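Shown below: input_11.cif, with mmCIF, C-alpha atoms.
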```
data_data
loop_
_atom_site.label_atom_id
_atom_site.label_comp_id
_atom_site.auth_asym_id
_atom_site.auth_seq_id
_atom_site.Cartn_x
_atom_site.Cartn_y
_atom_site.Cartn_z
CA MET A 1 133.89 73.75 216.13
CA THR A 2 133.02 71.02 213.67
CA ARG A 3 130.18 68.58 214.18
CA GLU A 4 132.62 65.74 214.80
CA ALA A 5 134.56 67.78 217.33
CA GLU A 6 131.38 68.78 219.18
CA PHE A 7 130.23 65.19 219.25
CA ALA A 8 133.61 63.93 220.44
CA GLU A 9 133.59 66.49 223.22
CA PHE A 10 130.10 65.40 224.28
CA VAL A 11 131.10 61.72 224.30
CA SER A 12 134.23 62.40 226.30
CA ALA A 13 132.26 64.37 228.87
CA ARG A 14 129.26 62.06 229.23
CA TYR A 15 130.50 58.56 228.42
CA ARG A 16 131.22 57.52 231.98
CA SER A 17 127.81 58.70 233.15
CA LEU A 18 126.10 56.91 230.27
CA VAL A 19 127.88 53.65 231.00
CA ARG A 20 126.84 53.89 234.63
CA TYR A 21 123.28 54.42 233.50
CA GLY A 22 123.65 51.46 231.17
CA VAL A 23 124.75 49.29 234.06
CA THR A 24 121.34 49.69 235.68
CA LEU A 25 119.69 48.73 232.39
CA VAL A 26 121.76 45.65 231.61
CA ALA A 27 123.55 44.91 234.90
CA ASP A 28 126.88 44.35 233.21
CA VAL A 29 129.67 46.83 232.53
CA GLY A 30 130.71 45.33 229.20
CA LYS A 31 127.15 45.25 227.89
CA ALA A 32 126.58 48.73 229.28
CA GLU A 33 129.52 50.06 227.28
CA ASP A 34 128.23 48.39 224.14
CA LEU A 35 124.75 49.77 224.78
CA ALA A 36 126.14 53.27 225.33
CA GLN A 37 128.23 53.12 222.17
CA VAL A 38 125.36 51.88 220.02
CA ALA A 39 123.15 54.64 221.41
CA LEU A 40 125.86 57.21 220.77
CA MET A 41 126.03 56.11 217.16
CA LYS A 42 122.36 57.08 216.86
CA THR A 43 123.03 60.29 218.72
CA HIS A 44 125.75 61.10 216.19
CA ARG A 45 123.28 60.64 213.37
CA ALA A 46 120.79 62.95 215.09
CA TRP A 47 123.45 65.42 216.19
CA PRO A 48 122.49 68.36 213.94
CA ARG A 49 119.08 68.58 215.62
CA LEU A 50 120.34 67.62 219.07
CA ALA A 51 123.24 70.01 219.42
CA THR A 52 121.00 72.71 220.78
CA GLY A 53 118.78 70.31 222.71
CA SER A 54 119.63 67.59 225.16
CA PRO A 55 121.81 64.93 223.58
CA ASP A 56 122.34 63.31 226.97
CA ALA A 57 118.61 62.74 227.53
CA TYR A 58 118.23 61.54 223.94
CA THR A 59 121.06 59.04 224.34
CA ARG A 60 119.57 57.70 227.56
CA ARG A 61 116.19 57.25 225.90
CA VAL A 62 117.83 55.38 223.05
CA MET A 63 119.68 53.19 225.55
CA ALA A 64 116.48 52.39 227.45
CA ARG A 65 114.61 51.53 224.27
CA ALA A 66 117.49 49.40 222.99
CA ALA A 67 117.68 47.51 226.28
CA TRP A 68 113.91 47.02 226.20
CA LYS A 69 114.01 45.67 222.65
CA ALA A 70 116.96 43.44 223.45
CA GLY A 71 114.86 41.99 226.26
CA ARG A 72 112.63 40.38 223.65
CA ARG A 73 115.42 38.10 222.59
CA ARG A 74 115.20 34.73 224.20
CA TRP A 75 118.79 34.59 225.38
CA ARG A 76 118.29 37.72 227.41
CA PHE A 77 116.01 35.74 229.67
CA GLU A 78 118.80 33.44 230.70
CA VAL A 79 119.26 35.05 234.06
CA PRO A 80 122.38 34.28 236.09
CA THR A 81 121.32 32.12 239.01
CA GLY A 82 124.48 32.05 241.09
CA ASP A 83 123.06 34.20 243.85
CA VAL A 84 119.44 33.17 243.68
CA PRO A 85 117.51 32.57 245.80
CA GLU A 86 119.93 33.48 248.54
CA ARG A 87 119.26 36.79 250.17
CA LEU A 88 121.87 39.32 249.30
CA ALA A 89 123.17 41.34 252.19
CA ALA A 90 125.66 44.13 252.51
CA ASP A 91 128.85 43.10 254.20
CA GLN A 92 131.38 44.94 256.26
CA TYR A 93 132.64 46.87 253.25
CA GLY A 94 129.35 48.76 253.32
CA GLU A 95 128.99 51.52 250.78
CA VAL A 96 131.95 50.43 248.75
CA ASP A 97 130.25 47.18 247.87
CA LEU A 98 126.67 48.44 247.77
CA GLY A 99 127.04 49.06 244.06
CA ASP A 100 128.17 45.52 243.47
CA LEU A 101 125.34 44.24 245.62
CA VAL A 102 122.78 46.17 243.58
CA ARG A 103 124.32 45.06 240.29
CA ARG A 104 124.14 41.44 241.38
CA ALA A 105 120.54 41.92 242.40
CA LEU A 106 119.71 43.61 239.09
CA ARG A 107 121.18 40.65 237.26
CA THR A 108 118.52 38.45 238.80
CA LEU A 109 115.81 40.48 237.05
CA PRO A 110 114.62 39.65 233.55
CA ALA A 111 115.87 42.29 231.12
CA ARG A 112 112.57 44.08 230.65
CA GLN A 113 111.82 44.29 234.36
CA ARG A 114 115.24 45.88 234.82
CA VAL A 115 114.50 48.52 232.19
CA VAL A 116 111.14 49.38 233.71
CA VAL A 117 112.61 49.59 237.21
CA THR A 118 115.38 51.88 235.95
CA LEU A 119 113.03 54.22 234.15
CA ARG A 120 110.56 54.30 237.03
CA PHE A 121 112.94 54.73 239.94
CA LEU A 122 116.22 56.08 238.57
CA ASP A 123 114.81 58.38 235.91
CA GLY A 124 111.69 59.07 237.96
CA LEU A 125 109.27 58.57 235.11
CA THR A 126 105.66 57.86 235.87
CA GLU A 127 104.17 54.56 234.77
CA ALA A 128 102.42 56.33 231.90
CA GLU A 129 105.62 58.07 230.79
CA THR A 130 107.49 54.79 230.96
CA ALA A 131 104.84 53.06 228.87
CA GLU A 132 104.98 55.86 226.31
CA LEU A 133 108.77 55.78 226.08
CA LEU A 134 108.86 52.03 225.62
CA GLY A 135 105.81 51.91 223.38
CA CYS A 136 104.04 49.32 225.50
CA PRO A 137 100.73 49.17 227.40
CA LEU A 138 100.49 50.76 230.82
CA GLY A 139 99.56 47.39 232.29
CA THR A 140 102.83 45.91 231.08
CA VAL A 141 104.80 48.59 232.91
CA LYS A 142 102.80 48.05 236.08
CA SER A 143 103.21 44.30 236.06
CA ARG A 144 106.94 44.35 235.24
CA CYS A 145 107.59 46.97 237.86
CA SER A 146 105.66 45.04 240.47
CA ARG A 147 107.44 41.78 239.68
CA GLY A 148 110.79 43.54 239.62
CA LEU A 149 110.26 44.98 243.06
CA ALA A 150 109.07 41.61 244.33
CA THR A 151 112.25 39.99 243.08
CA LEU A 152 114.42 42.67 244.67
CA ARG A 153 112.60 42.10 247.93
CA ALA A 154 113.12 38.37 247.59
CA VAL A 155 116.87 38.82 247.27
CA GLY A 156 116.91 41.18 250.22
CA LEU A 157 117.58 44.46 248.48
CA LEU A 158 114.32 46.00 249.68
CA ASP A 159 112.67 45.51 253.02
CA ASP A 160 109.41 43.65 252.97
CA GLU A 161 107.54 46.56 254.46
CA GLU A 162 108.72 48.98 251.78
CA GLN A 163 105.85 49.52 249.35
CA PRO A 164 105.52 51.87 246.39
CA SER A 165 103.57 54.99 247.13
CA PRO A 166 100.02 54.72 245.83
CA GLN A 167 100.23 58.19 244.35
CA GLU A 168 101.22 58.18 240.72
CA GLY A 169 103.74 60.83 239.94
CA LYS A 170 107.34 61.69 239.45
CA GLY A 171 109.69 59.81 241.68
CA ALA A 172 112.93 61.05 243.05
CA ARG A 173 115.37 62.21 240.44
CA MET B 1 111.86 56.73 253.10
CA THR B 2 109.50 55.74 250.31
CA VAL B 3 110.26 52.80 248.10
CA GLU B 4 110.80 55.22 245.22
CA GLU B 5 113.48 57.07 247.15
CA ARG B 6 115.07 53.84 248.34
CA MET B 7 115.11 52.40 244.82
CA HIS B 8 116.54 55.61 243.41
CA ASP B 9 119.41 55.51 245.90
CA LEU B 10 120.05 51.84 245.18
CA LEU B 11 120.04 52.29 241.42
CA GLU B 12 122.38 55.24 241.67
CA ALA B 13 124.65 53.06 243.75
CA ALA B 14 124.62 50.46 240.95
CA GLY B 15 126.80 52.82 238.99
CA ASP B 16 129.23 53.38 241.82
CA ASN B 17 132.77 52.23 241.20
CA VAL B 18 131.90 51.43 237.59
CA GLU B 19 134.69 52.52 235.32
CA PRO B 20 134.39 52.11 231.55
CA LEU B 21 137.13 50.07 229.98
CA THR B 22 137.16 52.01 226.71
CA LEU B 23 139.97 54.52 226.89
CA GLU B 24 138.97 56.81 224.04
CA PRO B 25 135.20 56.40 223.74
CA ALA B 26 134.68 59.17 221.21
CA GLN B 27 137.21 57.66 218.81
CA ARG B 28 135.74 54.23 219.44
CA VAL B 29 132.20 55.39 218.63
CA LEU B 30 133.32 57.27 215.52
CA ARG B 31 135.27 54.21 214.40
CA ARG B 32 132.17 52.03 214.85
CA ILE B 33 130.16 54.54 212.81
CA GLY B 34 132.74 54.29 210.02
CA GLN B 35 132.72 50.50 210.16
CA ARG B 36 128.94 50.43 210.05
CA ARG B 37 128.86 52.75 207.04
CA ARG B 38 131.34 50.55 205.21
CA ARG B 39 129.33 47.46 206.12
CA VAL B 40 126.08 49.04 204.90
CA ALA B 41 127.80 50.12 201.68
CA SER B 42 129.19 46.61 201.16
CA VAL B 43 125.80 45.03 201.78
CA SER B 44 124.17 47.47 199.35
CA VAL B 45 126.72 46.71 196.65
CA LEU B 46 126.37 42.99 197.33
CA ALA B 47 122.58 43.25 197.08
CA VAL B 48 122.84 45.05 193.75
CA VAL B 49 125.34 42.49 192.43
CA ILE B 50 123.13 39.59 193.54
CA ALA B 51 120.04 41.24 192.06
CA VAL B 52 121.81 41.82 188.76
CA ALA B 53 123.22 38.29 188.76
CA VAL B 54 119.86 36.70 189.53
CA THR B 55 118.10 38.86 186.99
CA GLY B 56 120.75 38.15 184.42
CA THR B 57 120.50 34.43 185.04
CA ILE B 58 116.75 34.51 184.67
CA VAL B 59 117.00 36.59 181.53
CA THR B 60 119.54 34.15 180.13
CA LEU B 61 117.31 31.22 180.96
CA ARG B 62 114.36 33.01 179.41
CA HIS B 63 116.35 33.58 176.28
CA SER B 64 116.96 29.86 176.07
CA ALA B 65 113.31 29.12 176.66
CA ASN B 66 112.32 31.55 173.95
CA SER B 67 114.71 30.10 171.41
CA ALA B 68 116.84 33.16 171.59
CA SER B 69 120.15 31.84 172.82
CA THR B 70 123.29 32.30 170.83
CA SER B 71 123.01 28.80 169.54
CA ALA B 72 122.22 29.18 165.88
CA ALA B 73 119.98 26.15 166.01
CA THR B 74 117.69 27.71 168.60
CA LEU B 75 117.64 31.33 167.43
CA SER B 76 114.33 32.74 166.38
CA ILE B 77 113.97 33.70 162.73
CA GLN B 78 113.74 37.34 163.75
CA SER B 79 116.95 37.20 165.80
CA ARG B 80 118.80 35.36 163.06
CA SER B 81 117.71 38.02 160.65
CA LEU B 82 119.01 40.75 162.94
CA LEU B 83 122.32 38.93 163.45
CA ALA B 84 122.76 38.60 159.72
CA ARG B 85 122.80 42.35 159.25
CA PRO B 86 126.27 43.69 158.48
CA LEU B 87 128.04 45.93 160.93
CA HIS B 88 128.19 49.55 159.82
CA LEU B 89 130.47 51.00 162.47
CA PRO B 90 132.39 54.23 161.87
CA SER B 91 136.03 53.96 160.98
CA LEU B 92 138.57 55.74 163.12
CA ALA B 93 141.93 56.89 161.82
CA ALA B 94 145.00 56.63 163.98
CA GLY B 95 145.16 59.55 166.41
CA GLU B 96 141.60 60.59 165.75
CA SER B 97 139.54 61.29 168.85
CA CYS B 98 136.77 58.90 169.78
CA PRO B 99 133.39 60.12 168.48
CA ALA B 100 131.65 59.06 171.67
CA THR B 101 127.86 59.24 171.73
CA PRO B 102 126.67 61.93 174.16
CA GLY B 103 124.77 60.71 177.18
CA GLU B 104 121.47 61.90 178.51
CA ARG B 105 120.03 61.65 181.99
CA ILE B 106 117.04 59.38 182.30
CA ASP B 107 114.86 58.71 185.30
CA THR B 108 112.17 56.02 185.27
CA SER B 109 110.42 53.95 187.92
CA LEU B 110 112.82 51.09 187.12
CA PHE B 111 116.16 52.83 186.78
CA SER B 112 117.90 56.15 186.55
CA GLY B 113 121.26 57.37 185.36
CA VAL B 114 122.98 58.39 182.17
CA ALA B 115 122.00 56.59 178.98
CA LEU B 116 123.69 56.60 175.60
CA GLY B 117 121.78 56.46 172.35
CA ASN B 118 118.60 58.02 171.07
CA GLY B 119 116.93 55.10 169.33
CA PRO B 120 114.34 52.58 170.51
CA VAL B 121 117.10 50.69 172.40
CA ARG B 122 119.64 52.49 174.58
CA VAL B 123 122.25 51.64 177.17
CA LEU B 124 122.54 52.91 180.72
CA LEU B 125 126.11 52.96 181.99
CA ALA B 126 126.76 51.95 185.57
CA ASP B 127 130.45 52.80 185.76
CA ARG B 128 132.02 56.13 186.60
CA GLY B 129 133.33 58.58 184.09
CA SER B 130 132.17 61.55 182.12
CA LEU B 131 129.10 59.62 181.07
CA LEU B 132 127.33 62.63 179.57
CA HIS B 133 130.21 62.72 177.10
CA GLY B 134 130.11 58.99 176.48
CA GLN B 135 133.26 58.37 178.47
CA VAL B 136 133.55 55.46 180.91
CA ASP B 137 136.32 55.21 183.47
CA LEU B 138 137.13 51.69 184.59
CA GLY B 139 139.28 53.06 187.39
CA SER B 140 141.47 50.51 189.09
CA GLN B 141 139.25 47.61 188.11
CA GLN B 142 141.10 44.32 187.94
CA GLN B 143 141.11 42.37 184.74
CA LEU B 144 139.56 38.94 184.75
CA GLY B 145 141.12 36.07 182.90
CA ASP B 146 139.29 33.62 180.70
CA ALA B 147 140.01 30.03 179.83
CA HIS B 148 141.97 31.13 176.77
CA GLY B 149 144.41 33.32 178.63
CA SER B 150 142.88 36.65 177.62
CA ARG B 151 142.34 39.38 180.21
CA TRP B 152 139.07 41.31 180.31
CA PHE B 153 137.57 44.44 181.89
CA ALA B 154 133.83 44.67 182.50
CA VAL B 155 131.74 47.68 181.53
CA GLN B 156 128.51 47.43 183.51
CA THR B 157 125.49 48.09 181.33
CA LEU B 158 121.73 48.11 181.47
CA TRP B 159 120.21 47.80 178.03
CA PHE B 160 116.64 48.96 177.71
CA SER B 161 114.03 49.50 175.07
CA THR B 162 111.92 52.61 175.27
CA PRO B 163 108.12 52.48 175.51
CA GLY B 164 106.62 51.76 172.16
CA TYR B 165 109.21 49.22 171.04
CA ASN B 166 108.40 45.68 172.09
CA GLY B 167 110.28 43.81 169.39
CA PRO B 168 113.54 41.84 169.43
CA PHE B 169 116.95 43.44 169.41
CA VAL B 170 120.54 42.35 169.06
CA VAL B 171 123.61 44.16 170.40
CA ARG B 172 127.09 43.55 169.04
CA GLY B 173 130.28 45.37 169.97
CA GLN B 174 133.66 46.07 168.40
CA ARG B 175 136.68 48.27 168.95
CA LEU B 176 136.92 51.09 166.42
CA ALA B 177 140.69 51.46 166.36
CA GLY B 178 143.55 49.40 167.63
CA THR B 179 143.52 45.85 168.75
CA GLY B 180 141.08 44.58 171.29
CA SER B 181 137.84 42.73 171.55
CA MET B 182 134.42 43.41 173.00
CA GLU B 183 131.94 40.81 174.19
CA VAL B 184 128.37 41.91 174.86
CA GLN B 185 126.80 39.61 177.39
CA PRO B 186 123.49 39.48 179.22
CA GLY B 187 123.60 39.37 182.99
CA SER B 188 126.73 39.34 185.06
CA THR B 189 126.91 35.63 185.57
CA GLY B 190 130.58 35.60 184.77
CA LEU B 191 132.92 36.17 181.93
CA ALA B 192 132.16 33.87 179.06
CA PRO B 193 133.85 35.05 175.87
CA GLY B 194 132.00 33.72 172.90
CA SER B 195 128.63 33.79 174.61
CA GLY B 196 127.75 37.18 173.08
CA PRO B 197 126.26 39.00 171.35
CA LEU B 198 123.29 40.10 173.41
CA ILE B 199 120.04 38.84 171.93
CA VAL B 200 116.74 39.93 173.39
CA PRO B 201 113.55 38.39 172.03
CA SER B 202 110.34 40.32 171.58
CA GLY B 203 108.00 40.64 174.54
CA PRO B 204 108.64 41.59 178.13
CA THR B 205 111.93 40.93 179.85
CA ILE B 206 112.11 39.94 183.49
CA ASN B 207 112.17 43.61 184.41
CA THR B 208 109.52 45.45 182.46
CA SER B 209 107.69 48.47 183.77
CA ASP B 210 105.94 51.49 182.29
CA GLY B 211 106.82 50.22 178.82
CA TYR B 212 110.56 49.99 179.51
CA ARG B 213 112.12 46.55 179.03
CA THR B 214 115.53 46.19 180.67
CA VAL B 215 118.36 43.71 180.37
CA PRO B 216 121.27 44.05 182.81
CA GLY B 217 124.63 42.86 181.65
CA SER B 218 128.25 43.56 180.90
CA SER B 219 130.32 44.38 177.89
CA TRP B 220 133.78 42.91 178.29
CA VAL B 221 136.79 44.59 176.70
CA THR B 222 140.41 43.55 176.62
CA ALA B 223 141.81 47.07 176.72
CA PRO B 224 140.72 50.69 177.15
CA GLY B 225 139.88 52.38 173.85
CA CYS B 226 137.14 53.56 171.57
CA TYR B 227 134.40 50.98 171.11
CA ALA B 228 131.03 50.89 169.39
CA TRP B 229 127.86 48.92 169.92
CA GLN B 230 125.57 48.24 167.01
CA VAL B 231 121.98 47.78 168.07
CA ASP B 232 119.71 46.11 165.55
CA GLY B 233 115.97 45.78 165.92
CA LYS B 234 112.85 45.74 163.82
CA GLY B 235 113.07 48.81 161.63
CA PHE B 236 116.26 50.32 163.03
CA SER B 237 120.00 49.83 163.28
CA ASP B 238 121.78 52.24 165.61
CA VAL B 239 125.41 52.72 166.57
CA ILE B 240 126.45 53.83 170.04
CA VAL B 241 130.09 54.80 170.55
CA VAL B 242 131.74 54.72 173.97
CA ASP B 243 135.16 55.93 175.00
CA ILE B 244 136.54 53.54 177.62
CA SER B 245 139.48 54.71 179.65
CA ARG B 246 141.21 53.55 182.76
CA ALA B 247 142.19 56.72 184.59
CA ALA B 248 143.42 56.42 188.15
CA ARG B 249 140.82 57.44 190.65
CA GLY B 250 141.51 59.58 193.71
#
```
Take the structure in this file and express it as structure tokens.
Amino acid sequence: MTREAEFAEFVSARYRSLVRYGVTLVADVGKAEDLAQVALMKTHRAWPRLATGSPDAYTRRVMARAAWKAGRRRWRFEVPTGDVPERLAADQYGEVDLGDLVRRALRTLPARQRVVVTLRFLDGLTEAETAELLGCPLGTVKSRCSRGLATLRAVGLLDDEEQPSPQEGKGAR
Amino acid sequence: MTVEERMHDLLEAAGDNVEPLTLEPAQRVLRRIGQRRRRVASVSVLAVVIAVAVTGTIVTLRHSANSASTSAATLSIQSRSLLARPLHLPSLAAGESCPATPGERIDTSLFSGVALGNGPVRVLLADRGSLLHGQVDLGSQQQLGDAHGSRWFAVQTLWFSTPGYNGPFVVRGQRLAGTGSMEVQPGSTGLAPGSGPLIVPSGPTINTSDGYRTVPGSSWVTAPGCYAWQVDGKGFSDVIVVDISRAARG
């Protein structure tokens, strides 16, 4: 199988999953697709050395870093305010709309807080691992994570009594 | 349930019911890669063109400042003396093959490629072709028109003097057989028939490094054929022959 064919097969198999991952990073399906495609372009370039490794993990790391870097741009901080500061609550559609509820809540977070929250709680990275991946100080990860959780509590996604475990380690994967 | 577990469940749910809109993502990504490559290539070519144009403009301006323009009134005595030398180009009988000067690879800190000539002043060719055999292929290049209705092709050149020669030089060009003209111009600031020949005063050019003095430019020709440059400098007068064709490229 040629390199292009291998890559195409990988994209076809993993694209949907990558876009879903991207949604937690950028809280928007369109931007998530763009993020996934840009990351896949880098994956294509690195394909010869990735083919026997984990191209999926590599692509996700590239997506997280790209979303983190994009968060530096001023316009990224223009957070939609339509649902803030109202508390978001699940309605009678329950699970079906939980995803939408979470996406709306994620949109209230500044871009970099969203990236840190995703890496910490979806990927299960420790604070130190997150800081290393993003190339930022440990304190930055801690503060963004803390503020992100506070915002999610404020919009009703987390209960007030829910607190992060004091033990530093891998979270749920 | 810990907050980590709760957050993990919530973030996984964020992807629920999300369906990408791109129907053929692999093709889309590969297409974007192709577009990006073309864009990078275009930007690179544009950067080179701008660099050559800017350099050429500066060189031209410097020539003026150093009394080395083509205006007879402002030419240095040395340059006038070089221009007064007669051309001694080889004659070419009808049907005779072009005695093109063989090329030689050169690699310096300023430039690299195939250069023709073996004297103190040589020319690096930037076009395609069998350059090691002195053959340039203009490919599908479009002719440019001038104010007098003539049509011209550009042969991209980089004239340079080798370390050890810091004096002035003059480059003139002519077709060896058949009808057709050649204009040797500094820079690539546009076709300006009559602005040649190329006159470079003594001393450093805008791009001088490791003893090499370079002058980017173009030699304009009205038709493919066998052409010769005569390079005159202090103590030498060399002829460089180039076979210019216009074969279709694949």
Report the closest atom pair, with its distance in Å rounded to one decimal, for each residue of chain A that has an atom no farther than 9 Å from chain B; count all atoms listed in the file, sort by chain and then rising residue number, and write it as a tab-separated table.
```
residue	atom	partner	partner_atom	distance
A:Glu4	CA	B:Leu30	CA	8.5
A:Phe7	CA	B:Ala26	CA	7.7
A:Ala8	CA	B:Ala26	CA	4.9
A:Glu9	CA	B:Ala26	CA	7.7
A:Phe10	CA	B:Ala26	CA	8.3
A:Val11	CA	B:Ala26	CA	5.4
A:Ser12	CA	B:Ala26	CA	6.0
A:Tyr15	CA	B:Pro25	CA	7.0
A:Arg16	CA	B:Pro20	CA	6.3
A:Ser17	CA	B:Gly15	CA	8.3
A:Val19	CA	B:Pro20	CA	6.7
A:Arg20	CA	B:Gly15	CA	4.5
A:Tyr21	CA	B:Gly15	CA	6.7
A:Gly22	CA	B:Gly15	CA	8.5
A:Val23	CA	B:Gly15	CA	6.4
A:Thr24	CA	B:Ala14	CA	6.3
A:Ala27	CA	B:Ala14	CA	8.3
A:Val29	CA	B:Pro20	CA	7.1
A:Gly30	CA	B:Leu21	CA	8.0
A:Ala32	CA	B:Pro20	CA	8.8
A:Glu33	CA	B:Pro20	CA	6.8
A:Gln37	CA	B:Val29	CA	5.8
A:Val38	CA	B:Val29	CA	7.8
A:Leu40	CA	B:Val29	CA	6.9
A:Met41	CA	B:Ile33	CA	6.2
A:His44	CA	B:Leu30	CA	8.5
A:Glu95	CA	B:Ala13	CA	8.4
A:Val96	CA	B:Asn17	CA	7.8
A:Asp97	CA	B:Asp16	CA	8.7
A:Leu98	CA	B:Ala13	CA	6.4
A:Gly99	CA	B:Ala14	CA	4.2
A:Asp100	CA	B:Ala14	CA	6.6
A:Leu101	CA	B:Ala14	CA	7.8
A:Val102	CA	B:Ala14	CA	5.4
A:Arg103	CA	B:Ala14	CA	5.4
A:Leu106	CA	B:Ala14	CA	8.6
A:Val117	CA	B:Met7	CA	8.5
A:Thr118	CA	B:Leu11	CA	7.2
A:Arg120	CA	B:Glu4	CA	8.2
A:Phe121	CA	B:His8	CA	5.1
A:Leu122	CA	B:His8	CA	4.9
A:Asp123	CA	B:His8	CA	8.2
A:Gly124	CA	B:His8	CA	8.1
A:Leu157	CA	B:Leu10	CA	8.5
A:Leu158	CA	B:Arg6	CA	8.0
A:Glu162	CA	B:Val3	CA	5.5
A:Gln163	CA	B:Val3	CA	5.6
A:Pro164	CA	B:Val3	CA	5.1
A:Ser165	CA	B:Thr2	CA	6.8
A:Gly171	CA	B:Glu4	CA	5.9
A:Ala172	CA	B:Glu5	CA	5.7
A:Arg173	CA	B:His8	CA	7.3
```
(request) Would you work out the distance separating atom CA of A:Glu132 from atom CA of A:Gly71, expressed in Å to one decimal? (result) 17.0 Å
(request) Mind giving me the straight-line distance from atom CA of B:Asn118 to atom CA of B:Gly139 in Å, one decimal? (result) 26.8 Å
Determine the residue membership of the PyMOL selection byres ((chain B and resi 148-165) around 6) for the file above and supply it as a PDB file with C-alpha atoms, keeping the file's coordinate frame.
```pdb
ATOM      1  CA  PRO B 120     114.340  52.580 170.510  1.00  0.00           C
ATOM      2  CA  VAL B 121     117.100  50.690 172.400  1.00  0.00           C
ATOM      3  CA  ARG B 122     119.640  52.490 174.580  1.00  0.00           C
ATOM      4  CA  VAL B 123     122.250  51.640 177.170  1.00  0.00           C
ATOM      5  CA  LEU B 124     122.540  52.910 180.720  1.00  0.00           C
ATOM      6  CA  LEU B 125     126.110  52.960 181.990  1.00  0.00           C
ATOM      7  CA  ALA B 126     126.760  51.950 185.570  1.00  0.00           C
ATOM      8  CA  GLN B 143     141.110  42.370 184.740  1.00  0.00           C
ATOM      9  CA  LEU B 144     139.560  38.940 184.750  1.00  0.00           C
ATOM     10  CA  GLY B 145     141.120  36.070 182.900  1.00  0.00           C
ATOM     11  CA  ASP B 146     139.290  33.620 180.700  1.00  0.00           C
ATOM     12  CA  ALA B 147     140.010  30.030 179.830  1.00  0.00           C
ATOM     13  CA  ASN B 166     108.400  45.680 172.090  1.00  0.00           C
ATOM     14  CA  GLY B 167     110.280  43.810 169.390  1.00  0.00           C
ATOM     15  CA  GLY B 211     106.820  50.220 178.820  1.00  0.00           C
ATOM     16  CA  TYR B 212     110.560  49.990 179.510  1.00  0.00           C
ATOM     17  CA  ARG B 213     112.120  46.550 179.030  1.00  0.00           C
ATOM     18  CA  THR B 214     115.530  46.190 180.670  1.00  0.00           C
ATOM     19  CA  VAL B 215     118.360  43.710 180.370  1.00  0.00           C
ATOM     20  CA  PRO B 216     121.270  44.050 182.810  1.00  0.00           C
ATOM     21  CA  GLY B 217     124.630  42.860 181.650  1.00  0.00           C
ATOM     22  CA  SER B 218     128.250  43.560 180.900  1.00  0.00           C
ATOM     23  CA  SER B 219     130.320  44.380 177.890  1.00  0.00           C
ATOM     24  CA  TRP B 220     133.780  42.910 178.290  1.00  0.00           C
ATOM     25  CA  VAL B 221     136.790  44.590 176.700  1.00  0.00           C
ATOM     26  CA  THR B 222     140.410  43.550 176.620  1.00  0.00           C
TER      27      THR B 222
END
```
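Here atom CA of B:Trp229 is placed at a distance of 15.5 Å from atom CA of B:Leu131.
Taking all atoms listed in the file into account, B:Pro90 lies nearest to B:Ala177 out of the set B:Gly203, B:Ala177, B:Pro186, B:Lys234.
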(message) Which residues are close to stretch 144-146 of chain A, i.e. within 12 Å by only C-alpha atoms, leaving aside same-chain residues fewer than 2 positions away? Reply as a count of residues only.
(response) 36
(request) Identify all residues satisfying the PyMOL selection byres ((chain B and resi 241-247) around 8) in the given file; provide them as an MDAnalysis selection string. (result) chainID B and resid 98:101 134:140 224:229 239:240 248:249
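With all atoms listed in the file as the atoms that count, the minimum distance from A:Arg104 to the choices A:Asp56, A:Lys69, A:Thr2, A:Gly156 is reached by A:Gly156.
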(request) Would you kindly return, as a ChimeraX atom specification, each protein, DNA or RNA residue with an atom no farther than 12 Å from any atom of B:Gln230, considering all atoms listed in the file and excluding same-chain residues fewer than 3 positions away? (result) /B:82-83,85-90,117,119,121-123,169-176,182,184,197-199,227,233,236-242
